[in-house]
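Student: The file below is final-v5.txt, compact mmCIF, C-alpha atoms and all ligand atoms:
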# COMPACT_ATOMS: atom_id res chain seq x y z
CA MET T 249 5.61 -8.92 17.42
CA ILE T 250 5.45 -8.73 13.64
CA PHE T 251 2.55 -6.78 12.14
CA ASP T 252 0.52 -7.26 9.00
CA SER T 253 0.03 -3.55 8.33
CA HIS T 254 -2.37 -3.70 5.35
CA ILE T 255 -5.78 -5.29 6.01
CA HIS T 256 -9.28 -4.63 4.64
CA THR T 257 -12.39 -5.47 6.66
CA ARG T 258 -16.06 -4.82 5.92
CA PHE T 259 -15.54 -1.06 6.08
CA SER T 260 -13.86 -1.46 2.68
CA ALA T 261 -16.27 -1.74 -0.25
CA ASP T 262 -14.48 -4.83 -1.58
CA SER T 263 -14.26 -6.83 1.66
CA ASP T 264 -16.76 -8.64 3.91
CA MET T 265 -14.18 -9.63 6.51
CA LEU T 266 -15.31 -9.32 10.11
CA ALA T 267 -12.86 -7.88 12.63
CA ILE T 268 -13.38 -10.85 14.92
CA ASP T 269 -12.34 -13.31 12.18
CA ALA T 270 -9.27 -11.24 11.28
CA LEU T 271 -8.22 -10.95 14.91
CA ASP T 272 -8.72 -14.65 15.45
CA VAL T 273 -6.40 -15.57 12.54
CA ALA T 274 -3.82 -13.01 13.65
CA ALA T 275 -3.82 -14.34 17.22
CA ARG T 276 -3.24 -17.87 15.95
CA GLN T 277 -0.32 -16.64 13.83
CA GLY T 278 1.04 -14.54 16.70
CA ILE T 279 1.02 -11.34 14.63
CA GLY T 280 -0.55 -7.90 15.05
CA LEU T 281 -2.75 -6.15 12.49
CA VAL T 282 -3.36 -2.70 11.12
CA PHE T 283 -6.79 -2.29 9.55
CA THR T 284 -6.41 -0.02 6.53
CA GLU T 285 -9.82 0.57 4.98
CA HIS T 286 -10.16 1.98 1.50
CA ILE T 287 -10.86 5.67 1.24
CA ASP T 288 -10.95 6.67 -2.41
CA PHE T 289 -13.30 9.52 -3.27
CA ASP T 290 -12.29 9.47 -6.91
CA TYR T 291 -12.91 5.81 -7.52
CA PRO T 292 -14.95 5.39 -10.70
CA GLY T 293 -17.77 2.89 -11.10
CA GLU T 294 -20.31 1.20 -8.88
CA LEU T 295 -18.52 0.55 -5.60
CA ASP T 296 -18.32 3.28 -2.99
CA PHE T 297 -14.78 3.23 -1.62
CA THR T 298 -15.51 5.58 1.27
CA PHE T 299 -16.59 4.99 4.86
CA ALA T 300 -17.72 6.98 7.88
CA PRO T 301 -14.64 7.59 10.06
CA GLN T 302 -16.56 8.06 13.31
CA GLU T 303 -18.51 4.85 12.83
CA TYR T 304 -15.30 2.99 12.00
CA TRP T 305 -13.67 4.31 15.14
CA ARG T 306 -16.67 3.61 17.34
CA THR T 307 -16.91 0.04 16.05
CA TYR T 308 -13.24 -0.96 16.29
CA GLU T 309 -11.82 1.23 19.03
CA PRO T 310 -12.64 -1.41 21.71
CA TYR T 311 -10.23 -3.83 19.97
CA ARG T 312 -7.50 -1.26 19.43
CA GLY T 313 -4.33 -1.85 21.44
CA SER T 314 -0.95 -3.57 21.39
CA SER T 315 -1.95 -5.95 18.58
CA LEU T 316 -4.40 -3.85 16.55
CA ALA T 317 -4.02 -0.40 15.05
CA LEU T 318 -6.70 1.41 13.06
CA GLY T 319 -5.68 3.04 9.81
CA ALA T 320 -6.77 3.82 6.29
CA GLU T 321 -5.56 3.23 2.74
CA LEU T 322 -5.98 6.52 0.95
CA GLY T 323 -6.25 6.53 -2.83
CA LEU T 324 -3.99 9.38 -3.97
CA ALA T 325 -5.27 11.86 -6.54
CA PRO T 326 -3.69 15.10 -7.80
CA GLY T 327 -5.01 18.30 -6.21
CA GLN T 328 -7.07 16.60 -3.48
CA THR T 329 -4.92 16.83 -0.34
CA LYS T 330 -7.25 19.32 1.40
CA ARG T 331 -10.29 17.10 0.96
CA ASP T 332 -8.37 13.99 2.06
CA GLN T 333 -6.82 15.68 5.10
CA ALA T 334 -10.30 16.83 6.16
CA PHE T 335 -11.43 13.20 6.02
CA LEU T 336 -8.45 11.97 8.03
CA ALA T 337 -9.03 14.66 10.68
CA GLN T 338 -12.36 13.05 11.57
CA ALA T 339 -10.77 10.17 13.51
CA PRO T 340 -7.39 9.69 15.23
CA PHE T 341 -6.14 7.20 12.64
CA ASP T 342 -3.01 5.25 13.64
CA ALA T 343 -1.61 4.80 10.14
CA VAL T 344 -2.20 6.13 6.65
CA ILE T 345 -1.12 4.20 3.59
CA GLY T 346 -1.15 6.24 0.38
CA SER T 347 -1.77 4.21 -2.78
CA VAL T 348 -1.86 4.84 -6.50
CA HIS T 349 -4.79 2.81 -7.86
CA LEU T 350 -5.85 5.20 -10.63
CA LEU T 351 -4.15 6.61 -13.67
CA ASP T 352 -6.10 9.31 -15.53
CA GLY T 353 -9.04 8.44 -13.28
CA ARG T 354 -9.16 4.78 -14.35
CA ASP T 355 -8.32 1.85 -12.07
CA LEU T 356 -5.22 -0.04 -13.17
CA TYR T 357 -7.28 -3.12 -12.35
CA ASN T 358 -9.30 -2.46 -15.53
CA ALA T 359 -8.09 -3.57 -18.96
CA SER T 360 -9.16 -0.20 -20.42
CA SER T 361 -6.19 1.43 -18.65
CA TYR T 362 -3.84 -0.34 -21.05
CA GLU T 363 -5.75 -0.32 -24.34
CA ALA T 364 -3.58 0.65 -27.31
CA ARG T 365 -0.77 1.81 -25.03
CA SER T 366 2.76 0.49 -24.77
CA GLN T 367 4.18 -0.78 -21.52
CA GLN T 368 6.85 1.93 -21.70
CA GLU T 369 4.18 4.62 -21.89
CA VAL T 370 1.93 3.27 -19.12
CA TYR T 371 4.74 2.36 -16.71
CA THR T 372 6.59 5.66 -17.03
CA GLN T 373 3.31 7.51 -16.47
CA TYR T 374 2.58 5.30 -13.44
CA TYR T 375 5.96 5.83 -11.77
CA THR T 376 5.98 9.56 -12.58
CA ALA T 377 2.49 10.05 -11.13
CA MET T 378 3.52 8.07 -8.05
CA ALA T 379 6.62 10.20 -7.39
CA ASP T 380 4.60 13.42 -7.80
CA LEU T 381 1.82 12.17 -5.50
CA ILE T 382 4.26 11.12 -2.76
CA ARG T 383 5.60 14.67 -2.70
CA GLU T 384 2.13 16.19 -2.82
CA TYR T 385 0.86 13.87 -0.05
CA ALA T 386 3.96 14.20 2.14
CA PHE T 387 1.74 13.60 5.22
CA ILE T 388 1.08 9.91 4.48
CA ASP T 389 3.03 7.35 6.51
CA VAL T 390 3.48 4.59 3.96
CA LEU T 391 3.43 4.09 0.18
CA GLY T 392 1.26 1.04 -0.58
CA HIS T 393 2.13 -1.65 -3.15
CA ILE T 394 4.64 0.02 -5.48
CA ASP T 395 3.97 -2.97 -7.77
CA TYR T 396 0.17 -2.57 -7.92
CA ILE T 397 0.33 -2.20 -11.72
CA CYS T 398 2.14 -5.54 -12.06
CA ARG T 399 -0.88 -7.40 -10.65
CA TYR T 400 -3.05 -6.46 -13.63
CA ALA T 401 -0.97 -5.14 -16.57
CA PRO T 402 -1.67 -7.37 -19.61
CA TYR T 403 1.92 -7.34 -20.92
CA ALA T 404 4.07 -10.44 -21.41
CA GLN T 405 6.46 -9.29 -18.66
CA PRO T 406 4.36 -7.28 -16.20
CA GLY T 407 7.07 -6.98 -13.51
CA VAL T 408 8.40 -3.76 -11.99
CA HIS T 409 11.44 -3.84 -14.34
CA TYR T 410 13.93 -1.86 -12.31
CA GLU T 411 16.59 -1.93 -15.06
CA LEU T 412 14.22 -0.66 -17.76
CA PHE T 413 12.59 2.02 -15.61
CA ARG T 414 15.50 2.88 -13.33
CA GLU T 415 15.19 6.63 -13.83
CA TRP T 416 11.47 6.65 -12.96
CA ILE T 417 11.64 4.16 -10.08
CA ASP T 418 14.54 6.11 -8.58
CA GLY T 419 12.24 9.16 -8.73
CA VAL T 420 9.70 7.29 -6.61
CA LEU T 421 12.29 6.06 -4.11
CA GLN T 422 13.90 9.50 -3.80
CA ALA T 423 10.48 11.04 -3.13
CA LEU T 424 9.96 8.50 -0.32
CA VAL T 425 13.31 9.29 1.27
CA ASP T 426 12.83 13.07 0.92
CA THR T 427 9.38 12.97 2.56
CA ASP T 428 10.17 10.34 5.24
CA THR T 429 7.55 8.03 3.77
CA VAL T 430 8.00 4.32 4.44
CA LEU T 431 7.92 1.88 1.51
CA GLU T 432 5.51 -1.00 2.02
CA LEU T 433 6.60 -4.51 1.17
CA ASN T 434 3.31 -5.85 -0.14
CA THR T 435 3.43 -9.64 0.08
CA ARG T 436 0.76 -10.33 -2.57
CA ARG T 437 3.30 -11.16 -5.33
CA LEU T 438 6.08 -12.70 -3.22
CA GLY T 439 4.98 -16.24 -4.10
CA ASP T 440 6.19 -15.58 -7.66
CA ARG T 441 9.97 -16.04 -7.82
CA LEU T 442 10.55 -13.70 -10.76
CA ALA T 443 8.34 -11.00 -9.22
CA MET T 444 10.26 -11.30 -5.97
CA LYS T 445 13.65 -11.13 -7.69
CA GLU T 446 12.65 -7.95 -9.50
CA LEU T 447 11.34 -6.41 -6.28
CA VAL T 448 14.62 -7.12 -4.48
CA ALA T 449 16.39 -4.76 -6.91
CA VAL T 450 13.93 -1.99 -6.03
CA TYR T 451 14.21 -2.44 -2.25
CA LYS T 452 18.02 -2.62 -2.39
CA ARG T 453 18.03 0.63 -4.31
CA TYR T 454 15.67 2.13 -1.71
CA TYR T 455 18.31 1.29 0.91
CA GLU T 456 21.09 2.81 -1.22
CA LEU T 457 19.14 6.06 -1.49
CA GLY T 458 18.71 6.22 2.31
CA GLY T 459 15.51 4.25 2.93
CA ARG T 460 15.73 2.17 6.12
CA TYR T 461 12.21 0.99 6.95
CA VAL T 462 9.46 -1.15 5.46
CA THR T 463 6.00 -2.14 6.56
CA LEU T 464 4.87 -5.66 5.69
CA GLY T 465 1.37 -5.89 4.27
CA SER T 466 -0.64 -8.78 2.86
CA ASP T 467 -3.44 -6.52 1.57
CA ALA T 468 -5.82 -9.23 2.85
CA HIS T 469 -9.52 -8.92 2.05
CA THR T 470 -10.27 -12.37 3.53
CA PRO T 471 -9.07 -14.15 6.70
CA GLU T 472 -7.10 -16.76 4.69
CA ALA T 473 -4.91 -14.07 3.12
CA ILE T 474 -3.73 -12.57 6.44
CA GLY T 475 0.01 -12.93 6.99
CA ALA T 476 0.53 -14.47 3.52
CA SER T 477 4.23 -15.01 2.66
CA PHE T 478 5.33 -13.31 5.86
CA ALA T 479 8.31 -15.62 6.46
CA LEU T 480 9.53 -14.79 2.95
CA ALA T 481 8.88 -11.10 3.53
CA GLN T 482 10.96 -11.05 6.71
CA ASP T 483 13.87 -12.73 4.92
CA PHE T 484 13.43 -10.28 2.04
CA ALA T 485 13.59 -7.26 4.37
CA ALA T 486 16.65 -8.62 6.15
CA ALA T 487 18.43 -9.33 2.85
CA CYS T 488 17.82 -5.70 1.85
CA ARG T 489 18.93 -4.49 5.32
CA LEU T 490 15.51 -2.92 5.91
CA GLN T 491 13.89 -2.74 9.35
CA PRO T 492 10.23 -3.86 9.55
CA VAL T 493 8.06 -1.24 11.25
CA THR T 494 4.43 -0.41 11.81
CA PHE T 495 2.55 2.71 12.88
CA PHE T 496 0.53 3.53 15.96
CA ALA T 497 -0.92 7.00 16.61
CA ARG T 498 0.88 8.10 13.42
CA LYS T 499 4.26 7.25 15.01
CA MET T 500 6.60 4.69 13.57
CA VAL T 501 7.21 1.63 15.76
CA CYS T 502 10.14 -0.74 15.07
CA LEU T 503 9.23 -4.41 15.24
ZN ZN T 601 -4.44 -0.80 -2.64
ZN ZN T 602 -5.29 -2.50 0.07
Could you take the file, read its structure, and then write that structure out as C-alpha cells?
Ligand SMILES: [Zn+2]
Ligand SMILES: [Zn+2]

Tutor:
Amino acid sequence: MIFDSHIHTRFSADSDMLAIDALDVAARQGIGLVFTEHIDFDYPGELDFTFAPQEYWRTYEPYRGSSLALGAELGLAPGQTKRDQAFLAQAPFDAVIGSVHLLDGRDLYNASSYEARSQQEVYTQYYTAMADLIREYAFIDVLGHIDYICRYAPYAQPGVHYELFREWIDGVLQALVDTDTVLELNTRRLGDRLAMKELVAVYKRYYELGGRYVTLGSDAHTPEAIGASFALAQDFAAACRLQPVTFFARKMVCL
C-alpha cells in the first residue's frame, strides 16, 4: 500500500481536518496516511504551532494501525534539539519529519523574508541552514519539502535551481545521506511541469550521492488535497530509481 506520509489534521494550528474525513478519503484512494502535526515552538506571530502530545496520542491511537501512523512535522531551529527531543519523548511517535520553515526566525511564507535581498543571498542561506540543521537534528526520519522556499519566493524564477545552487544543494543531499535521513518528495508543486523538471535534477543527484529512499507527502491540510499528484510522484520516484517508504514506530518500511 502506498502512503501519504505528510498530513495535517486539527492538531495543527493551520488545519481543521478531522481524522475521520482524512481516513475516509484515504480508504477510497486505497492509500495509507501518516499524520504529521506541526510542532514549531519558534514560530512567530499569532498561531500556536504546538500541540499536546498525550492528547494527540489518546485521540488518534484507536485508529493507528496498518493504514495510519502518527507522526509530527518538527520545525527545525538552531540550538533547540534538547527542547524538541523532550517534546518527542512524550509520545511514541511513528515518524518525525524535520522542516525548515524559518530563516532568521521569519517564515519563508512571509514577503518580509525576501525584502531587499537577492535570490542568490536568500537561497544560499536557505540551503546552508538546511544542511546544518539536518546534521544537528540527525535524529529526524525525513526532511520535509526541500522546495518549501519555492512556494513563496517572489522572484521571477522561484524554482530550486539545481544548476545555480549545485554546491549548496549538494551540501543538503550529502547531509541527508550522512545522517540516514530520508528525502521527502512533497507533491505540492508536481502539477507544475517546470517545477517538476527542476526537482528531478535534485532527486537524481540524491541517488548519485547514495540516497535510495523517499517518502511521498501531499502536505494536505484539507481532505481534497490528500494523495494529490501521487501517480506522478510514483513515476517520479521510479525514474530517479528511488524506493518509496514510510515510517512506523520510527522504523523505515518499504512500500
Ligand atoms: Zn512544512
Ligand atoms: Zn506540513

Student: Write out as a PDB file with C-alpha atoms, in the coordinates of the input the residues lying within 9 Å of region 478-484 of chain T, counting all atoms listed in the file and excluding same-chain residues fewer than 5 positions away.

Tutor:
ATOM      1  CA  ASP T 252       0.520  -7.260   9.000  1.00  0.00           C
ATOM      2  CA  LEU T 433       6.600  -4.510   1.170  1.00  0.00           C
ATOM      3  CA  ASN T 434       3.310  -5.850  -0.140  1.00  0.00           C
ATOM      4  CA  THR T 435       3.430  -9.640   0.080  1.00  0.00           C
ATOM      5  CA  LEU T 438       6.080 -12.700  -3.220  1.00  0.00           C
ATOM      6  CA  GLY T 439       4.980 -16.240  -4.100  1.00  0.00           C
ATOM      7  CA  MET T 444      10.260 -11.300  -5.970  1.00  0.00           C
ATOM      8  CA  VAL T 448      14.620  -7.120  -4.480  1.00  0.00           C
ATOM      9  CA  TYR T 451      14.210  -2.440  -2.250  1.00  0.00           C
ATOM     10  CA  LEU T 464       4.870  -5.660   5.690  1.00  0.00           C
ATOM     11  CA  GLY T 465       1.370  -5.890   4.270  1.00  0.00           C
ATOM     12  CA  SER T 466      -0.640  -8.780   2.860  1.00  0.00           C
ATOM     13  CA  ARG T 489      18.930  -4.490   5.320  1.00  0.00           C
ATOM     14  CA  LEU T 490      15.510  -2.920   5.910  1.00  0.00           C
ATOM     15  CA  PRO T 492      10.230  -3.860   9.550  1.00  0.00           C
TER      16      PRO T 492
END

Student: As a quick test: using only C-alpha atoms and all ligand atoms, which residues lie no more than 10 Å away from ligand ZN 602 (chain T)? Give them as a PyMOL selection string.

Tutor: chain T and resi 253-256+260+262+283-287+320-323+345-347+349+392-393+396+434+465-469

Student: Could you turn the residues from that selection into a file that holds C-alpha atoms, as a PDB file, keeping the file's coordinate frame?

Tutor:
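The file below, out_15.pdb, is the result:
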ATOM      1  CA  SER T 253       0.030  -3.550   8.330  1.00  0.00           C
ATOM      2  CA  HIS T 254      -2.370  -3.700   5.350  1.00  0.00           C
ATOM      3  CA  ILE T 255      -5.780  -5.290   6.010  1.00  0.00           C
ATOM      4  CA  HIS T 256      -9.280  -4.630   4.640  1.00  0.00           C
ATOM      5  CA  SER T 260     -13.860  -1.460   2.680  1.00  0.00           C
ATOM      6  CA  ASP T 262     -14.480  -4.830  -1.580  1.00  0.00           C
ATOM      7  CA  PHE T 283      -6.790  -2.290   9.550  1.00  0.00           C
ATOM      8  CA  THR T 284      -6.410  -0.020   6.530  1.00  0.00           C
ATOM      9  CA  GLU T 285      -9.820   0.570   4.980  1.00  0.00           C
ATOM     10  CA  HIS T 286     -10.160   1.980   1.500  1.00  0.00           C
ATOM     11  CA  ILE T 287     -10.860   5.670   1.240  1.00  0.00           C
ATOM     12  CA  ALA T 320      -6.770   3.820   6.290  1.00  0.00           C
ATOM     13  CA  GLU T 321      -5.560   3.230   2.740  1.00  0.00           C
ATOM     14  CA  LEU T 322      -5.980   6.520   0.950  1.00  0.00           C
ATOM     15  CA  GLY T 323      -6.250   6.530  -2.830  1.00  0.00           C
ATOM     16  CA  ILE T 345      -1.120   4.200   3.590  1.00  0.00           C
ATOM     17  CA  GLY T 346      -1.150   6.240   0.380  1.00  0.00           C
ATOM     18  CA  SER T 347      -1.770   4.210  -2.780  1.00  0.00           C
ATOM     19  CA  HIS T 349      -4.790   2.810  -7.860  1.00  0.00           C
ATOM     20  CA  GLY T 392       1.260   1.040  -0.580  1.00  0.00           C
ATOM     21  CA  HIS T 393       2.130  -1.650  -3.150  1.00  0.00           C
ATOM     22  CA  TYR T 396       0.170  -2.570  -7.920  1.00  0.00           C
ATOM     23  CA  ASN T 434       3.310  -5.850  -0.140  1.00  0.00           C
ATOM     24  CA  GLY T 465       1.370  -5.890   4.270  1.00  0.00           C
ATOM     25  CA  SER T 466      -0.640  -8.780   2.860  1.00  0.00           C
ATOM     26  CA  ASP T 467      -3.440  -6.520   1.570  1.00  0.00           C
ATOM     27  CA  ALA T 468      -5.820  -9.230   2.850  1.00  0.00           C
ATOM     28  CA  HIS T 469      -9.520  -8.920   2.050  1.00  0.00           C
TER      29      HIS T 469
END

Student: I'd like the contact shell of Asp428 (chain T) - 9 Å cut-off, only C-alpha atoms, skipping same-chain residues fewer than 2 positions apart - returned as a PyMOL selection string.

Tutor: chain T and resi 386+389-390+423-426+430+459

Student: Here is a test: counting all atoms listed in the file, which residue of T:Leu442, T:Ala317, T:Ala404, T:Ala275 is nearest to Met500 (chain T)?

Tutor: T:Ala317

Student: Skip region 406-410 of chain T itself and residues of its chain fewer than 6 positions away, then list as a PDB file with C-alpha atoms, in the frame of the given file all residues within 12 Å of it, counting all atoms listed in the file.

Tutor:
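Ended up saving to result.pdb:
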ATOM      1  CA  TYR T 362      -3.840  -0.340 -21.050  1.00  0.00           C
ATOM      2  CA  SER T 366       2.760   0.490 -24.770  1.00  0.00           C
ATOM      3  CA  GLN T 367       4.180  -0.780 -21.520  1.00  0.00           C
ATOM      4  CA  GLN T 368       6.850   1.930 -21.700  1.00  0.00           C
ATOM      5  CA  VAL T 370       1.930   3.270 -19.120  1.00  0.00           C
ATOM      6  CA  TYR T 371       4.740   2.360 -16.710  1.00  0.00           C
ATOM      7  CA  THR T 372       6.590   5.660 -17.030  1.00  0.00           C
ATOM      8  CA  TYR T 374       2.580   5.300 -13.440  1.00  0.00           C
ATOM      9  CA  TYR T 375       5.960   5.830 -11.770  1.00  0.00           C
ATOM     10  CA  HIS T 393       2.130  -1.650  -3.150  1.00  0.00           C
ATOM     11  CA  ILE T 394       4.640   0.020  -5.480  1.00  0.00           C
ATOM     12  CA  ASP T 395       3.970  -2.970  -7.770  1.00  0.00           C
ATOM     13  CA  TYR T 396       0.170  -2.570  -7.920  1.00  0.00           C
ATOM     14  CA  ILE T 397       0.330  -2.200 -11.720  1.00  0.00           C
ATOM     15  CA  CYS T 398       2.140  -5.540 -12.060  1.00  0.00           C
ATOM     16  CA  ARG T 399      -0.880  -7.400 -10.650  1.00  0.00           C
ATOM     17  CA  TYR T 400      -3.050  -6.460 -13.630  1.00  0.00           C
ATOM     18  CA  TRP T 416      11.470   6.650 -12.960  1.00  0.00           C
ATOM     19  CA  ILE T 417      11.640   4.160 -10.080  1.00  0.00           C
ATOM     20  CA  ASP T 418      14.540   6.110  -8.580  1.00  0.00           C
ATOM     21  CA  GLY T 419      12.240   9.160  -8.730  1.00  0.00           C
ATOM     22  CA  VAL T 420       9.700   7.290  -6.610  1.00  0.00           C
ATOM     23  CA  LEU T 421      12.290   6.060  -4.110  1.00  0.00           C
ATOM     24  CA  ARG T 437       3.300 -11.160  -5.330  1.00  0.00           C
ATOM     25  CA  LEU T 438       6.080 -12.700  -3.220  1.00  0.00           C
ATOM     26  CA  ASP T 440       6.190 -15.580  -7.660  1.00  0.00           C
ATOM     27  CA  ARG T 441       9.970 -16.040  -7.820  1.00  0.00           C
ATOM     28  CA  LEU T 442      10.550 -13.700 -10.760  1.00  0.00           C
ATOM     29  CA  ALA T 443       8.340 -11.000  -9.220  1.00  0.00           C
ATOM     30  CA  MET T 444      10.260 -11.300  -5.970  1.00  0.00           C
ATOM     31  CA  LYS T 445      13.650 -11.130  -7.690  1.00  0.00           C
ATOM     32  CA  GLU T 446      12.650  -7.950  -9.500  1.00  0.00           C
ATOM     33  CA  LEU T 447      11.340  -6.410  -6.280  1.00  0.00           C
ATOM     34  CA  VAL T 448      14.620  -7.120  -4.480  1.00  0.00           C
ATOM     35  CA  ALA T 449      16.390  -4.760  -6.910  1.00  0.00           C
ATOM     36  CA  VAL T 450      13.930  -1.990  -6.030  1.00  0.00           C
ATOM     37  CA  TYR T 451      14.210  -2.440  -2.250  1.00  0.00           C
ATOM     38  CA  LYS T 452      18.020  -2.620  -2.390  1.00  0.00           C
ATOM     39  CA  ARG T 453      18.030   0.630  -4.310  1.00  0.00           C
ATOM     40  CA  TYR T 454      15.670   2.130  -1.710  1.00  0.00           C
TER      41      TYR T 454
END

Student: For each of T:Gly293, T:Ala486, T:Gly278, T:Val273, take the minimum atom-to-atom distance to Ala261 (chain T), counting only C-alpha atoms, then give the residue where this is smallest.

Tutor: T:Gly293

Student: Interatomic distance between CA of Asp296 (chain T) and CA of Thr470 (chain T)?

Tutor: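 CA of Asp296 (chain T) sits 18.8 Å away from CA of Thr470 (chain T).
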
Student: Check the smallest atom-to-atom distance from each of T:Asp352, T:Asp332, T:Glu472, T:Asp288 to ligand ZN 601 (chain T) using all atoms listed in the file, then report the winner.

Tutor: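 The shortest atom-to-atom distance to ligand ZN 601 (chain T) comes from T:Asp288.
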
Student: Measuring between all atoms listed in the file, which one of T:Asp342, T:Glu415, T:Glu384, T:Glu456 shows the shortest distance to Lys330 (chain T)?

Tutor: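 Residue with the minimum atom-to-atom distance to Lys330 (chain T): T:Glu384.
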
Student: Could you list as a VMD selection string every residue that has an atom within 9 Å of (-0.1, 14.8, -0.4), using the file's coordinates and counting only C-alpha atoms?

Tutor: chain T and resid 324 to 330 332 to 333 346 380 to 388

Student: What is the CA of Phe413 (chain T) to CA of Thr463 (chain T) distance in Å?

Tutor: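 Between CA of Phe413 (chain T) and CA of Thr463 (chain T) the gap is 23.5 Å.
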
Student: So, with all atoms listed in the file as the atoms that count, which of T:Gln338, T:Glu294, T:Cys502, T:Leu356 lies closest to ligand ZN 601 (chain T)?

Tutor: T:Leu356

Student: State, in Å with one decimal place, the distance from CA of Ser361 (chain T) to CA of Ala476 (chain T).

Tutor: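 That distance, rounded to one decimal, is 28.1 Å.
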
Student: Quick one: of T:Ala497, T:Ser477, T:Val348, T:Ala487, who's nearest to ligand ZN 601 (chain T), counting all atoms listed in the file?

Tutor: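 Checking each candidate against ligand ZN 601 (chain T), we get T:Val348 as the closest.
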
Student: If we count only C-alpha atoms and set the cut-off at 8 Å, which residues sit around Leu316 (chain T), ignoring sequence neighbours fewer than 4 positions away in its own chain? Please answer as JSON, numbers by chain.

Tutor: {"T": [280, 281, 282, 283, 311, 312]}

Student: Considering all atoms listed in the file, return as a list in words whatever protein or nucleic-acid residues lie within 12 Å of Ser360 (chain T), sequence-local ones (same chain, fewer than 5 positions apart) excluded.

Tutor: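 The contact residues come out as Leu350, Leu351, Asp352, Gly353, Arg354, Asp355, Arg365, Val370, Tyr400, Ala401 and Pro402 of chain T.
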
Student: Take the residues from that selection and write them out as a PDB file, keeping the file's coordinate frame, keeping C-alpha atoms.

Tutor:
ATOM      1  CA  LEU T 350      -5.850   5.200 -10.630  1.00  0.00           C
ATOM      2  CA  LEU T 351      -4.150   6.610 -13.670  1.00  0.00           C
ATOM      3  CA  ASP T 352      -6.100   9.310 -15.530  1.00  0.00           C
ATOM      4  CA  GLY T 353      -9.040   8.440 -13.280  1.00  0.00           C
ATOM      5  CA  ARG T 354      -9.160   4.780 -14.350  1.00  0.00           C
ATOM      6  CA  ASP T 355      -8.320   1.850 -12.070  1.00  0.00           C
ATOM      7  CA  ARG T 365      -0.770   1.810 -25.030  1.00  0.00           C
ATOM      8  CA  VAL T 370       1.930   3.270 -19.120  1.00  0.00           C
ATOM      9  CA  TYR T 400      -3.050  -6.460 -13.630  1.00  0.00           C
ATOM     10  CA  ALA T 401      -0.970  -5.140 -16.570  1.00  0.00           C
ATOM     11  CA  PRO T 402      -1.670  -7.370 -19.610  1.00  0.00           C
TER      12      PRO T 402
END

Student: Working from the structure I just supplied, which lacks atoms in region 260-273 of chain T, can you model N, CA and C atoms there and output them as an mmCIF file, keeping the file's coordinate frame?

Tutor:
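Saved result, selection_22.cif, follows:
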data_model
loop_
_atom_site.group_PDB
_atom_site.id
_atom_site.type_symbol
_atom_site.label_atom_id
_atom_site.label_comp_id
_atom_site.auth_asym_id
_atom_site.auth_seq_id
_atom_site.Cartn_x
_atom_site.Cartn_y
_atom_site.Cartn_z
ATOM 1 N N SER T 260 -14.319 -1.650 4.063
ATOM 2 C CA SER T 260 -13.860 -1.460 2.680
ATOM 3 C C SER T 260 -14.905 -2.052 1.739
ATOM 4 N N ALA T 261 -15.194 -1.337 0.664
ATOM 5 C CA ALA T 261 -16.270 -1.740 -0.250
ATOM 6 C C ALA T 261 -16.040 -3.129 -0.860
ATOM 7 N N ASP T 262 -14.781 -3.545 -0.932
ATOM 8 C CA ASP T 262 -14.480 -4.830 -1.580
ATOM 9 C C ASP T 262 -14.125 -5.937 -0.589
ATOM 10 N N SER T 263 -14.535 -5.779 0.670
ATOM 11 C CA SER T 263 -14.260 -6.830 1.660
ATOM 12 C C SER T 263 -15.464 -7.032 2.577
ATOM 13 N N ASP T 264 -15.701 -8.308 2.938
ATOM 14 C CA ASP T 264 -16.760 -8.640 3.910
ATOM 15 C C ASP T 264 -16.165 -9.133 5.214
ATOM 16 N N MET T 265 -14.848 -9.020 5.349
ATOM 17 C CA MET T 265 -14.180 -9.630 6.510
ATOM 18 C C MET T 265 -14.648 -8.977 7.812
ATOM 19 N N LEU T 266 -14.947 -9.815 8.786
ATOM 20 C CA LEU T 266 -15.310 -9.320 10.110
ATOM 21 C C LEU T 266 -14.047 -9.165 10.948
ATOM 22 N N ALA T 267 -14.016 -8.123 11.772
ATOM 23 C CA ALA T 267 -12.860 -7.880 12.630
ATOM 24 C C ALA T 267 -12.550 -9.114 13.484
ATOM 25 N N ILE T 268 -13.582 -9.725 13.996
ATOM 26 C CA ILE T 268 -13.380 -10.850 14.920
ATOM 27 C C ILE T 268 -12.672 -12.012 14.223
ATOM 28 N N ASP T 269 -12.997 -12.237 12.941
ATOM 29 C CA ASP T 269 -12.340 -13.310 12.180
ATOM 30 C C ASP T 269 -10.877 -12.947 11.895
ATOM 31 N N ALA T 270 -10.641 -11.698 11.545
ATOM 32 C CA ALA T 270 -9.270 -11.240 11.280
ATOM 33 C C ALA T 270 -8.416 -11.364 12.539
ATOM 34 N N LEU T 271 -8.972 -10.929 13.653
ATOM 35 C CA LEU T 271 -8.220 -10.950 14.910
ATOM 36 C C LEU T 271 -7.940 -12.376 15.376
ATOM 37 N N ASP T 272 -8.879 -13.249 15.095
ATOM 38 C CA ASP T 272 -8.720 -14.650 15.450
ATOM 39 C C ASP T 272 -7.546 -15.278 14.679
ATOM 40 N N VAL T 273 -7.500 -15.052 13.370
ATOM 41 C CA VAL T 273 -6.400 -15.570 12.540
ATOM 42 C C VAL T 273 -5.064 -14.983 12.993
#
